[in-house]
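Each remark here refers to the structure printed beneath this line.
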Amino acid sequence: MAVGGPAFAWAQSESPALTLQRAPDVAYIVRGIVQYTRWSQAMVPVRLCLSDTLDAATEAAFTRAVTEPREGAVAIAVSNRRLMAGTPIDATECHVVLVTSTSPMQWRGMLLGVLDRPVLTIGFDEEFCSLGGMFCLDSSSGKLQIRANLDSISRSGMRINPQLLRLTQQRNAAK
């Protein structure tokens with residue numbers, strides 16, 4: 001998997017949240033993670049749900065980039081439903097959840113609610129993985145890094161391609 005793709009050098013002082021400028025790069029990484037994930041049942045298309053923290057322009061740019069058809073790639077559809085902190089996730093409606101908030105603690109209950117279910121959870125900041133998220137995008141080192149929470153991944157019942165896991169920094173257990 002070519003996760004490196006575009007240059008991901010972001011200033012350390014920048015917030016790790018999804019912004020209009022970062023939308024295409026984050027979409028590229030989310031697509032890559034989805035491409036290397038297998039659910040027990042085929043999901044066509046894979047439905048991605050977003051948290052409610054995006055402005056309209058950022059959401060539009062991200063949606064365009066993540067849903068762009070690509071030959072041989074898994075189709076991704078962005079759900080019209082926006083998730084709010086504390087809202088339970090329906091695994092039949094959301095196969096992938098992208099939490100764009102920079103305050104992952106508010107998503108702890110949602111993450112615990114899908115811990116043993118086949119919902120791929122992606123968020124920002126190391127704390128997201130610490131709270132039970134499967135993949136977190138972290139720019140604290142100045143470059144975007146993908147971190148994986150192996151405990152959450154294994155409990156979900158989904159299979160993640162080992163090539164993707166080799167590209168991540170791994171966290172073995174949620175706190």
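Ordering of the structure tokens sets the chain letters (A, B, ...); residue numbers start at 1 within each chain; ligands are numbered from 1 in the order shown.
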Practice problem: From a DSSP pass on the backbone, collect the residues of chain A flagged as helix (DSSP H, G or I) and hand them back as a ChimeraX atom specification. | Solution: /A:23-35,56-67,104-113,126-130,150-156,162-166
Grab the residues selected above and save them as a CSV table (one decimal), in the first residue's frame with C-alpha atoms.
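That gives us selection13.csv:
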```csv
chain,number,residue,atom,x,y,z
A,23,ALA,CA,-8.9,17.0,3.0
A,24,PRO,CA,-7.4,15.4,-0.1
A,25,ASP,CA,-4.5,13.9,1.9
A,26,VAL,CA,-6.7,12.6,4.7
A,27,ALA,CA,-9.1,11.1,2.1
A,28,TYR,CA,-6.1,9.4,0.4
A,29,ILE,CA,-5.1,7.7,3.7
A,30,VAL,CA,-8.7,6.8,4.6
A,31,ARG,CA,-9.2,5.2,1.2
A,32,GLY,CA,-5.9,3.3,1.7
A,33,ILE,CA,-7.0,2.0,5.1
A,34,VAL,CA,-10.4,0.9,3.7
A,35,GLN,CA,-8.8,-0.8,0.7
A,56,ALA,CA,-19.3,22.5,4.6
A,57,ALA,CA,-16.3,23.3,2.3
A,58,THR,CA,-14.0,20.8,4.1
A,59,GLU,CA,-16.7,18.1,4.1
A,60,ALA,CA,-17.3,18.7,0.3
A,61,ALA,CA,-13.6,18.5,-0.5
A,62,PHE,CA,-13.1,15.4,1.6
A,63,THR,CA,-16.2,13.7,0.2
A,64,ARG,CA,-15.1,14.4,-3.4
A,65,ALA,CA,-11.7,13.0,-2.8
A,66,VAL,CA,-12.7,9.9,-0.8
A,67,THR,CA,-15.5,8.8,-3.1
A,104,PRO,CA,-11.3,12.5,21.2
A,105,MET,CA,-12.3,12.1,24.9
A,106,GLN,CA,-15.9,13.1,23.9
A,107,TRP,CA,-16.0,10.1,21.6
A,108,ARG,CA,-14.9,7.5,24.3
A,109,GLY,CA,-18.5,6.2,24.8
A,110,MET,CA,-19.0,5.7,21.0
A,111,LEU,CA,-15.7,3.9,20.7
A,112,LEU,CA,-16.5,1.6,23.6
A,113,GLY,CA,-19.9,0.9,22.0
A,126,GLU,CA,-2.7,9.6,19.7
A,127,GLU,CA,-5.4,9.9,22.3
A,128,PHE,CA,-8.0,8.5,19.8
A,129,CYS,CA,-6.2,5.2,19.7
A,130,SER,CA,-5.7,5.2,23.5
A,150,LEU,CA,-4.0,-3.8,17.6
A,151,ASP,CA,-6.4,-4.7,20.5
A,152,SER,CA,-9.3,-2.8,18.9
A,153,ILE,CA,-8.6,-4.2,15.5
A,154,SER,CA,-8.5,-7.8,16.8
A,155,ARG,CA,-11.7,-7.4,18.8
A,156,SER,CA,-13.6,-6.0,15.7
A,162,PRO,CA,-0.4,-7.1,7.3
A,163,GLN,CA,1.2,-4.7,4.7
A,164,LEU,CA,-0.8,-1.8,6.2
A,165,LEU,CA,-0.1,-2.8,9.8
A,166,ARG,CA,3.7,-2.8,9.0
```
Practice problem: Would you kindly return, as a PyMOL selection string, each protein, DNA or RNA residue with an atom no farther than 9 Å from any atom of Ala75 of chain A, considering only C-alpha atoms and excluding same-chain residues fewer than 4 positions away? | Solution: chain A and resi 43-47+67-70
Practice problem: Write out as a PyMOL selection string all residues of segment 19-54 of chain A that backbone DSSP assigns to strand (DSSP E). | Solution: chain A and resi 37-38+46-51
Can you write just those residues out, C-alpha atoms, as a PDB file, in the first residue's frame?
```pdb
ATOM      1  CA  THR A  37      -9.606  -3.859   5.407  1.00  0.00           C
ATOM      2  CA  ARG A  38     -11.883  -6.877   5.027  1.00  0.00           C
ATOM      3  CA  VAL A  46     -18.479   0.768   2.160  1.00  0.00           C
ATOM      4  CA  ARG A  47     -20.446   3.452   4.032  1.00  0.00           C
ATOM      5  CA  LEU A  48     -18.366   6.090   5.781  1.00  0.00           C
ATOM      6  CA  CYS A  49     -19.897   8.263   8.512  1.00  0.00           C
ATOM      7  CA  LEU A  50     -18.343  11.548   9.598  1.00  0.00           C
ATOM      8  CA  SER A  51     -18.476  13.325  12.915  1.00  0.00           C
TER       9      SER A  51
END
```
Would you mind listing what lies within 9 Å of Asp138 of chain A as a tab-separated table (two decimals) with C-alpha atoms, in the first residue's frame, with only C-alpha atoms counted and same-chain residues fewer than 5 positions away left out?
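Output saved as part11.tsv:
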```
chain	number	residue	atom	x	y	z
A	16	PRO	CA	-4.30	17.57	13.81
A	123	GLY	CA	-9.54	9.58	14.14
A	124	PHE	CA	-6.89	12.13	14.90
A	125	ASP	CA	-4.31	12.34	17.66
A	126	GLU	CA	-2.69	9.59	19.73
A	143	LYS	CA	4.80	14.43	9.57
A	144	LEU	CA	1.57	12.51	9.35
A	145	GLN	CA	1.88	9.07	10.90
A	146	ILE	CA	-0.69	6.31	11.02
A	147	ARG	CA	-0.96	4.55	14.33
```
Exercise. Could you jot down the atom CA of Val119 of chain A to atom CA of Asp90 of chain A separation for me, Å, one decimal place?
Key: 8.8 Å
Exercise. For Leu120 of chain A, work out the shell of residues within 8 Å, counting only C-alpha atoms and skipping chain neighbours fewer than 3 positions away, then give it as number ranges by chain.
Key: A: 95-97, 134
Quiz item: From the list A:Leu115, A:Leu18, A:Cys136, A:Met84, which residue is nearest Met158 of chain A when using only C-alpha atoms?
Solution: A:Leu115
